[in-house]
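S.K.: Questions regarding the structure given below will be posed in turn.
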Amino acid sequence: TWEGRLIIAMSSMQKEEKKGAGNAIPTDKLYLLMQIAETKPRSGHSDKNPWRASVPWWYSVQPIKYQDQTQPLLKAKIRGKTYTFQDSQTSPEIKDPKQIALKRNEIKNEFLQHFRSAIWMSYRKNFSGIKSIPTIPKDYHYTSDDGWGCMIRGGQMLLANSILKHFFPDPMFSLSEIQLDKGRKITYISILWHFMDNLIGPEAAFSIGNIVEIGLKFGIKPKDWYGPSTVIQILDELNEKHSPFPGLKTVAFPEGIVYLDEVISRACEQHLEAVDPSIGKLWKNSLIVMVGARLGLDLIPPEVQERVIRLFDNRFCIGMVGGQGRGALYFVGYQDHDLIFLDPHVAQNAIAKTGDIWVDHQTYHFSQPLKLHVSKLDTCVAYAFYIRTYKEYMEFLELIIKEQTTKDSFIQVNDKKPVYEDKDIEDIQ
């Protein structure tokens, strides 16, 4: 029952708190409890209701499993790394139950550190960024994106964590270590700074104000639904416009087809054919390749669900933004057929223009890993892949072409975008 889910969630979360930390539940966990409490099924509906719109997607959210006696193998994969919490199919070297428990707890803590190092973007309130842009009409001068900006925040997470990968290759970095290293701390703060809600223009290239301004050019107003493909196009345009991180380029393919000549042009800063032999010598920039995809019409077929999950095994994959019922999430990995995510649906105060972002840096990190079954996803998503060098590009290309050969692939690769003559367009019409 929904009451049972609430009690179980609260009990689980309280156990997660460290001894001596008090009884307070962190903001993100408290919000989860509120969401579960609010998702009481409507009269006449049950957990097995086939109509997804009848039951809010939060009703399907589950915590990560670290132990399950019914499963011989229990593991999870996030941001390119696999964590095996238990494996009774092999003969473990440790036989003592206490030592096994200690080892499992060690793996769990490493998993949580990895998860919590990801940048989290959430709703913000009391910001002035949108109304500070002269080209945005006064009717859209909102000071909060609570209730409408979740896909924007999901897109920001997709990009921010790709940028994080560029500067911090090791996903296991800890914030306490960064604080002790002045150079790394400055880099980390500069990444967050470019997503500040109270700043606009090149000072904060990917701020919500800048995103809304470009969104209006796309014909999308604030409080309208931003689809995943639209968001990655806007972020790509902003990166091209402001270039906040020299040596790091983006390229977006909203329709699920990766055009290699566009990838190469961004990397080499000149137009080259996909088969040009000089590409390796002319390669200059690292790349964030963002790809939109359509997974089905109304529902995702089971065979496509498998491909959605397996794409997280691609070592260049940074994550995926998608949603369910117009609620966007940022997905970083999977456990079985459940996708592990960060949720932007938490309204926090915007950091002041003159504020110390390091003081509030914990508001950019989500502490509770949650998961949603892949079948609950809407059919429109967008992935991000990070490519550091030409060598990595060749490896990525091999993997993505291999993916393309499967009958259920939803990402395709072409050398270049076809150019249609006017006559061809008339014939199509």
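By convention in this document, the chains of the structure tokens carry letters A, B, ... by their order, each chain's residues are numbered from 1, and ligands are numbered from 1 in the order they are shown.
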Just the residues within 7 Å of stretch 223-237 of chain A, please, counting only C-alpha atoms, with nothing from its chain fewer than 2 positions along; format it as a PyMOL selection string.
M.R.: chain A and resi 148+151-152+155+206+211+214-215+220-221+239-241+250-252+254+290+292+321-322+380-382
S.K.: Got a sec: who's within 6 Å of A:Ile130, counting only C-alpha atoms, leaving out chain neighbours fewer than 2 positions off, as a ChimeraX atom specification?
M.R.: /A:128,132-133,141,209
S.K.: With only C-alpha atoms as the counted atoms, please give the residues lying no more than 6 Å from stretch 348-359 of chain A, apart from itself and same-chain residues fewer than 3 positions off, as a PyMOL selection string.
M.R.: chain A and resi 124-127+198
S.K.: For N, CA, C and O atoms, I'd like the residues from the last selection saved as a compact mmCIF listing (two decimals), in the first residue's frame.
M.R.:
```txt
# COMPACT_ATOMS: atom_id res chain seq x y z
N ARG A 124 15.09 25.89 -8.65
CA ARG A 124 15.56 26.98 -7.78
C ARG A 124 14.48 28.06 -7.70
O ARG A 124 13.63 28.17 -8.58
N LYS A 125 14.53 28.83 -6.65
CA LYS A 125 13.56 29.91 -6.45
C LYS A 125 14.29 31.17 -6.01
O LYS A 125 15.45 31.13 -5.58
N ASN A 126 13.59 32.28 -6.15
CA ASN A 126 14.13 33.60 -5.77
C ASN A 126 15.37 33.96 -6.59
O ASN A 126 16.37 34.44 -6.06
N PHE A 127 15.29 33.72 -7.91
CA PHE A 127 16.39 34.14 -8.78
C PHE A 127 15.92 35.26 -9.70
O PHE A 127 14.72 35.46 -9.93
N ASN A 198 21.27 33.23 -11.04
CA ASN A 198 21.19 34.69 -10.93
C ASN A 198 22.12 35.40 -11.90
O ASN A 198 22.24 36.63 -11.86
```
S.K.: Under the rule that only C-alpha atoms are counted, which of A:Gln404, A:Lys217, A:Asn210, A:Ser367 is the nearest residue to A:Asn109?
M.R.: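 Closest to A:Asn109 of all the choices is A:Ser367.
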S.K.: Using only C-alpha atoms, which protein or nucleic acid residues come within 10 Å of A:Arg315? Drop anything in the same chain fewer than 6 positions from it, and give the result as a list in words.
M.R.: Arg79, Gly80, Lys81, Phe385, Tyr386, Ile387, Glu395, Phe396 and Leu399 of chain A
S.K.: Would you give me, as a short mmCIF file (atom, residue, chain, number, x, y, z; two decimals) with all heavy atoms, in the first residue's frame, the residues in stretch 113-166 of chain A that DSSP reads as alpha helix (DSSP H)?
M.R.:
```cif
data_model
loop_
_atom_site.label_atom_id
_atom_site.label_comp_id
_atom_site.auth_asym_id
_atom_site.auth_seq_id
_atom_site.Cartn_x
_atom_site.Cartn_y
_atom_site.Cartn_z
N GLN A 113 29.66 7.21 -2.52
CA GLN A 113 30.59 8.32 -2.79
C GLN A 113 30.59 8.65 -4.27
O GLN A 113 30.58 9.82 -4.66
CB GLN A 113 32.00 7.96 -2.32
CG GLN A 113 33.02 9.08 -2.60
CD GLN A 113 34.43 8.69 -2.22
OE1 GLN A 113 34.63 7.90 -1.30
NE2 GLN A 113 35.42 9.22 -2.93
N HIS A 114 30.61 7.60 -5.09
CA HIS A 114 30.60 7.79 -6.54
C HIS A 114 29.31 8.49 -6.97
O HIS A 114 29.35 9.46 -7.74
CB HIS A 114 30.72 6.41 -7.21
CG HIS A 114 30.95 6.48 -8.68
ND1 HIS A 114 31.19 5.36 -9.44
CD2 HIS A 114 30.96 7.51 -9.55
CE1 HIS A 114 31.35 5.71 -10.70
NE2 HIS A 114 31.19 7.00 -10.79
N PHE A 115 28.19 8.01 -6.48
CA PHE A 115 26.91 8.61 -6.84
C PHE A 115 26.83 10.07 -6.40
O PHE A 115 26.39 10.94 -7.15
CB PHE A 115 25.76 7.81 -6.19
CG PHE A 115 24.40 8.41 -6.42
CD1 PHE A 115 23.70 8.17 -7.59
CD2 PHE A 115 23.83 9.23 -5.46
CE1 PHE A 115 22.45 8.73 -7.81
CE2 PHE A 115 22.58 9.80 -5.66
CZ PHE A 115 21.89 9.55 -6.84
N ARG A 116 27.26 10.34 -5.19
CA ARG A 116 27.13 11.69 -4.63
C ARG A 116 28.11 12.69 -5.22
O ARG A 116 27.97 13.89 -5.02
CB ARG A 116 27.28 11.62 -3.11
CG ARG A 116 26.11 10.92 -2.43
CD ARG A 116 26.39 10.53 -1.00
NE ARG A 116 25.24 9.86 -0.41
CZ ARG A 116 25.27 9.21 0.76
NH1 ARG A 116 26.41 9.13 1.46
NH2 ARG A 116 24.17 8.63 1.23
N CYS A 150 11.93 21.10 -14.93
CA CYS A 150 12.65 19.85 -14.65
C CYS A 150 13.45 19.35 -15.84
O CYS A 150 14.56 18.82 -15.67
CB CYS A 150 11.70 18.78 -14.14
SG CYS A 150 10.33 18.37 -15.23
N MET A 151 12.94 19.50 -17.07
CA MET A 151 13.72 19.05 -18.22
C MET A 151 14.94 19.94 -18.45
O MET A 151 16.01 19.46 -18.86
CB MET A 151 12.85 19.01 -19.48
CG MET A 151 13.56 18.39 -20.69
SD MET A 151 14.08 16.67 -20.45
CE MET A 151 12.52 15.82 -20.67
N ILE A 152 14.79 21.22 -18.17
CA ILE A 152 15.95 22.12 -18.24
C ILE A 152 17.00 21.66 -17.24
O ILE A 152 18.20 21.57 -17.58
CB ILE A 152 15.52 23.57 -17.95
CG1 ILE A 152 14.66 24.11 -19.08
CG2 ILE A 152 16.74 24.46 -17.72
CD1 ILE A 152 14.10 25.50 -18.83
N ARG A 153 16.59 21.35 -16.03
CA ARG A 153 17.54 20.91 -15.00
C ARG A 153 18.16 19.55 -15.38
O ARG A 153 19.35 19.32 -15.13
CB ARG A 153 16.83 20.80 -13.65
CG ARG A 153 16.24 22.11 -13.15
CD ARG A 153 17.25 23.25 -13.10
NE ARG A 153 16.69 24.47 -12.56
CZ ARG A 153 17.36 25.60 -12.39
NH1 ARG A 153 18.64 25.67 -12.74
NH2 ARG A 153 16.77 26.67 -11.89
N GLY A 154 17.35 18.68 -15.97
CA GLY A 154 17.90 17.41 -16.42
C GLY A 154 18.96 17.60 -17.48
O GLY A 154 20.01 16.96 -17.46
N GLY A 155 18.70 18.51 -18.43
CA GLY A 155 19.69 18.83 -19.46
C GLY A 155 20.94 19.44 -18.87
O GLY A 155 22.07 19.14 -19.29
N GLN A 156 20.77 20.32 -17.88
CA GLN A 156 21.92 20.91 -17.20
C GLN A 156 22.77 19.84 -16.54
O GLN A 156 24.00 19.88 -16.59
CB GLN A 156 21.46 21.93 -16.16
CG GLN A 156 20.95 23.25 -16.74
CD GLN A 156 20.52 24.21 -15.66
OE1 GLN A 156 19.96 23.82 -14.63
NE2 GLN A 156 20.76 25.50 -15.87
N MET A 157 22.12 18.85 -15.91
CA MET A 157 22.88 17.76 -15.28
C MET A 157 23.64 16.94 -16.32
O MET A 157 24.79 16.54 -16.09
CB MET A 157 21.94 16.86 -14.47
CG MET A 157 21.49 17.46 -13.16
SD MET A 157 20.60 16.29 -12.10
CE MET A 157 18.91 16.54 -12.64
N LEU A 158 22.98 16.68 -17.45
CA LEU A 158 23.63 15.92 -18.51
C LEU A 158 24.91 16.62 -18.96
O LEU A 158 25.97 15.98 -19.11
CB LEU A 158 22.66 15.79 -19.69
CG LEU A 158 23.02 14.81 -20.80
CD1 LEU A 158 22.87 13.38 -20.32
CD2 LEU A 158 22.12 15.03 -22.02
N LEU A 159 24.83 17.93 -19.15
CA LEU A 159 26.00 18.69 -19.61
C LEU A 159 27.01 18.90 -18.49
O LEU A 159 28.22 18.73 -18.70
CB LEU A 159 25.54 20.04 -20.16
CG LEU A 159 26.64 20.94 -20.72
CD1 LEU A 159 27.37 20.26 -21.88
CD2 LEU A 159 26.06 22.28 -21.17
N ALA A 160 26.54 19.26 -17.30
CA ALA A 160 27.46 19.54 -16.19
C ALA A 160 28.31 18.34 -15.85
O ALA A 160 29.52 18.46 -15.58
CB ALA A 160 26.66 20.00 -14.96
N ASN A 161 27.73 17.15 -15.86
CA ASN A 161 28.50 15.95 -15.52
C ASN A 161 29.43 15.54 -16.65
O ASN A 161 30.45 14.89 -16.41
CB ASN A 161 27.55 14.83 -15.13
CG ASN A 161 26.98 15.03 -13.73
OD1 ASN A 161 27.68 14.86 -12.74
ND2 ASN A 161 25.72 15.42 -13.65
N SER A 162 29.09 15.92 -17.88
CA SER A 162 30.02 15.71 -18.99
C SER A 162 31.23 16.63 -18.83
O SER A 162 32.38 16.21 -19.06
CB SER A 162 29.31 15.99 -20.32
OG SER A 162 28.21 15.12 -20.51
N ILE A 163 30.99 17.87 -18.46
CA ILE A 163 32.09 18.81 -18.21
C ILE A 163 32.92 18.34 -17.02
O ILE A 163 34.16 18.41 -17.03
CB ILE A 163 31.53 20.23 -17.95
CG1 ILE A 163 30.78 20.74 -19.19
CG2 ILE A 163 32.66 21.19 -17.58
CD1 ILE A 163 30.00 22.03 -18.95
N LEU A 164 32.25 17.83 -15.99
CA LEU A 164 32.96 17.31 -14.82
C LEU A 164 33.90 16.19 -15.23
O LEU A 164 35.04 16.11 -14.75
CB LEU A 164 31.93 16.80 -13.80
CG LEU A 164 32.43 16.48 -12.40
CD1 LEU A 164 32.80 17.76 -11.66
CD2 LEU A 164 31.37 15.73 -11.61
N LYS A 165 33.45 15.32 -16.14
CA LYS A 165 34.28 14.22 -16.62
C LYS A 165 35.53 14.75 -17.34
O LYS A 165 36.61 14.16 -17.25
CB LYS A 165 33.46 13.35 -17.57
CG LYS A 165 34.21 12.19 -18.20
CD LYS A 165 34.53 11.10 -17.21
CE LYS A 165 35.12 9.88 -17.88
NZ LYS A 165 35.45 8.81 -16.92
N HIS A 166 35.37 15.86 -18.02
CA HIS A 166 36.48 16.46 -18.76
C HIS A 166 37.60 16.90 -17.80
O HIS A 166 38.78 16.65 -18.07
CB HIS A 166 35.97 17.66 -19.55
CG HIS A 166 37.03 18.39 -20.31
ND1 HIS A 166 37.69 17.85 -21.40
CD2 HIS A 166 37.56 19.65 -20.14
CE1 HIS A 166 38.56 18.72 -21.87
NE2 HIS A 166 38.51 19.81 -21.13
#
```
S.K.: Hey, which of A:Thr389, A:Gln412, A:Ser243, A:Gln335 ends up closest to A:Leu74? Count only C-alpha atoms.
M.R.: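 Distance minimum relative to A:Leu74 lands on A:Gln335.
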S.K.: Enter the distance from atom CA of A:His373 to atom CA of A:Leu339, in Å, rounded to one decimal.
M.R.: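 Atom CA of A:Leu339 lies 6.0 Å from atom CA of A:His373.
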S.K.: Record the distance separating atom CA of A:Asn105 and atom CA of A:Gln86, expressed in Å with one decimal.
M.R.: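 If I compute the distance from atom CA of A:Asn105 to atom CA of A:Gln86, I get 10.6 Å.
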S.K.: So, with only C-alpha atoms as the atoms that count, which of A:Arg294, A:Lys138, A:Lys65, A:Lys77 lies closest to A:Gly333?
M.R.: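 Distance minimum relative to A:Gly333 lands on A:Lys77.
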S.K.: Which residues are near A:Asp415? Cut-off 9 Å, only C-alpha atoms, ignore same chain within fewer than 3 positions. Put them as a PyMOL selection string.
M.R.: chain A and resi 258-262+273-275
S.K.: Write the residues of the preceding selection, restricted to all heavy atoms, as an mmCIF file, in the first residue's frame.
M.R.:
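Below you can see selection_37.cif, which holds the result:
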```cif
data_model
loop_
_atom_site.group_PDB
_atom_site.id
_atom_site.type_symbol
_atom_site.label_atom_id
_atom_site.label_comp_id
_atom_site.auth_asym_id
_atom_site.auth_seq_id
_atom_site.Cartn_x
_atom_site.Cartn_y
_atom_site.Cartn_z
ATOM 1 N N VAL A 258 23.852 10.311 -35.661
ATOM 2 C CA VAL A 258 25.143 10.981 -35.458
ATOM 3 C C VAL A 258 25.803 11.174 -36.822
ATOM 4 O O VAL A 258 26.123 10.194 -37.508
ATOM 5 C CB VAL A 258 26.054 10.133 -34.539
ATOM 6 C CG1 VAL A 258 27.421 10.797 -34.402
ATOM 7 C CG2 VAL A 258 25.404 9.949 -33.170
ATOM 8 N N TYR A 259 25.991 12.424 -37.208
ATOM 9 C CA TYR A 259 26.657 12.739 -38.475
ATOM 10 C C TYR A 259 28.133 12.992 -38.190
ATOM 11 O O TYR A 259 28.502 13.959 -37.512
ATOM 12 C CB TYR A 259 26.003 13.952 -39.124
ATOM 13 C CG TYR A 259 24.569 13.695 -39.543
ATOM 14 C CD1 TYR A 259 23.507 14.288 -38.867
ATOM 15 C CD2 TYR A 259 24.280 12.829 -40.597
ATOM 16 C CE1 TYR A 259 22.190 14.036 -39.234
ATOM 17 C CE2 TYR A 259 22.965 12.568 -40.966
ATOM 18 C CZ TYR A 259 21.927 13.174 -40.280
ATOM 19 O OH TYR A 259 20.621 12.910 -40.644
ATOM 20 N N LEU A 260 28.972 12.115 -38.720
ATOM 21 C CA LEU A 260 30.391 12.126 -38.361
ATOM 22 C C LEU A 260 31.109 13.384 -38.825
ATOM 23 O O LEU A 260 32.037 13.846 -38.151
ATOM 24 C CB LEU A 260 31.078 10.883 -38.930
ATOM 25 C CG LEU A 260 30.527 9.537 -38.429
ATOM 26 C CD1 LEU A 260 31.312 8.394 -39.033
ATOM 27 C CD2 LEU A 260 30.568 9.472 -36.906
ATOM 28 N N ASP A 261 30.704 13.953 -39.972
ATOM 29 C CA ASP A 261 31.393 15.158 -40.431
ATOM 30 C C ASP A 261 31.171 16.322 -39.472
ATOM 31 O O ASP A 261 32.056 17.161 -39.280
ATOM 32 C CB ASP A 261 30.950 15.532 -41.851
ATOM 33 C CG ASP A 261 29.470 15.859 -41.945
ATOM 34 O OD1 ASP A 261 28.693 15.311 -41.146
ATOM 35 O OD2 ASP A 261 29.099 16.665 -42.831
ATOM 36 N N GLU A 262 30.009 16.363 -38.798
ATOM 37 C CA GLU A 262 29.756 17.420 -37.819
ATOM 38 C C GLU A 262 30.575 17.195 -36.550
ATOM 39 O O GLU A 262 31.075 18.148 -35.943
ATOM 40 C CB GLU A 262 28.267 17.487 -37.499
ATOM 41 C CG GLU A 262 27.401 17.938 -38.667
ATOM 42 C CD GLU A 262 25.940 18.101 -38.292
ATOM 43 O OE1 GLU A 262 25.655 18.277 -37.086
ATOM 44 O OE2 GLU A 262 25.088 18.067 -39.199
ATOM 45 N N GLU A 273 35.756 15.762 -44.298
ATOM 46 C CA GLU A 273 34.947 14.585 -44.553
ATOM 47 C C GLU A 273 35.263 13.519 -43.511
ATOM 48 O O GLU A 273 36.360 13.479 -42.942
ATOM 49 C CB GLU A 273 35.224 14.043 -45.961
ATOM 50 C CG GLU A 273 34.848 14.993 -47.083
ATOM 51 C CD GLU A 273 33.349 15.220 -47.177
ATOM 52 O OE1 GLU A 273 32.592 14.293 -46.833
ATOM 53 O OE2 GLU A 273 32.937 16.331 -47.580
ATOM 54 N N ALA A 274 34.308 12.636 -43.282
ATOM 55 C CA ALA A 274 34.467 11.609 -42.248
ATOM 56 C C ALA A 274 35.633 10.672 -42.513
ATOM 57 O O ALA A 274 36.178 10.061 -41.587
ATOM 58 C CB ALA A 274 33.168 10.813 -42.116
ATOM 59 N N VAL A 275 36.018 10.547 -43.792
ATOM 60 C CA VAL A 275 37.090 9.611 -44.153
ATOM 61 C C VAL A 275 38.423 10.319 -44.415
ATOM 62 O O VAL A 275 39.378 9.701 -44.882
ATOM 63 C CB VAL A 275 36.690 8.790 -45.396
ATOM 64 C CG1 VAL A 275 35.517 7.883 -45.072
ATOM 65 C CG2 VAL A 275 36.349 9.719 -46.572
#
```
S.K.: Which is closer to A:Ile208 than all the others in A:Lys284, A:Ser278, A:Val289, A:Tyr123, using only C-alpha atoms?
M.R.: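 The answer is A:Tyr123, which sits nearest to A:Ile208.
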S.K.: Residues within 9 Å of A:Val61, please, as a list in words. Count only C-alpha atoms; anything in the same chain fewer than 5 positions from it doesn't count.
M.R.: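 Residues near the query, excluding close chain neighbours: Ile36, Leu370, Lys371, Leu372 and His373 of chain A.
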S.K.: Dump N, CA, C and O atoms for the selected residues as a PDB file, in the first residue's frame?
M.R.:
```
ATOM      1  N   ILE A  36       6.161  10.369  -2.018  1.00  0.00           N
ATOM      2  CA  ILE A  36       5.532   9.070  -1.814  1.00  0.00           C
ATOM      3  C   ILE A  36       4.188   9.246  -1.112  1.00  0.00           C
ATOM      4  O   ILE A  36       3.193   8.613  -1.457  1.00  0.00           O
ATOM      5  N   LEU A 370      18.116   6.610  -6.173  1.00  0.00           N
ATOM      6  CA  LEU A 370      16.782   6.071  -6.402  1.00  0.00           C
ATOM      7  C   LEU A 370      16.746   5.433  -7.784  1.00  0.00           C
ATOM      8  O   LEU A 370      17.603   5.712  -8.619  1.00  0.00           O
ATOM      9  N   LYS A 371      15.744   4.613  -8.023  1.00  0.00           N
ATOM     10  CA  LYS A 371      15.685   3.960  -9.326  1.00  0.00           C
ATOM     11  C   LYS A 371      14.243   3.828  -9.803  1.00  0.00           C
ATOM     12  O   LYS A 371      13.298   3.776  -9.002  1.00  0.00           O
ATOM     13  N   LEU A 372      14.102   3.760 -11.116  1.00  0.00           N
ATOM     14  CA  LEU A 372      12.806   3.667 -11.780  1.00  0.00           C
ATOM     15  C   LEU A 372      12.913   2.602 -12.866  1.00  0.00           C
ATOM     16  O   LEU A 372      13.891   2.582 -13.617  1.00  0.00           O
ATOM     17  N   HIS A 373      11.921   1.733 -12.955  1.00  0.00           N
ATOM     18  CA  HIS A 373      11.982   0.678 -13.967  1.00  0.00           C
ATOM     19  C   HIS A 373      11.984   1.281 -15.359  1.00  0.00           C
ATOM     20  O   HIS A 373      11.258   2.241 -15.642  1.00  0.00           O
TER      21      HIS A 373
END
```
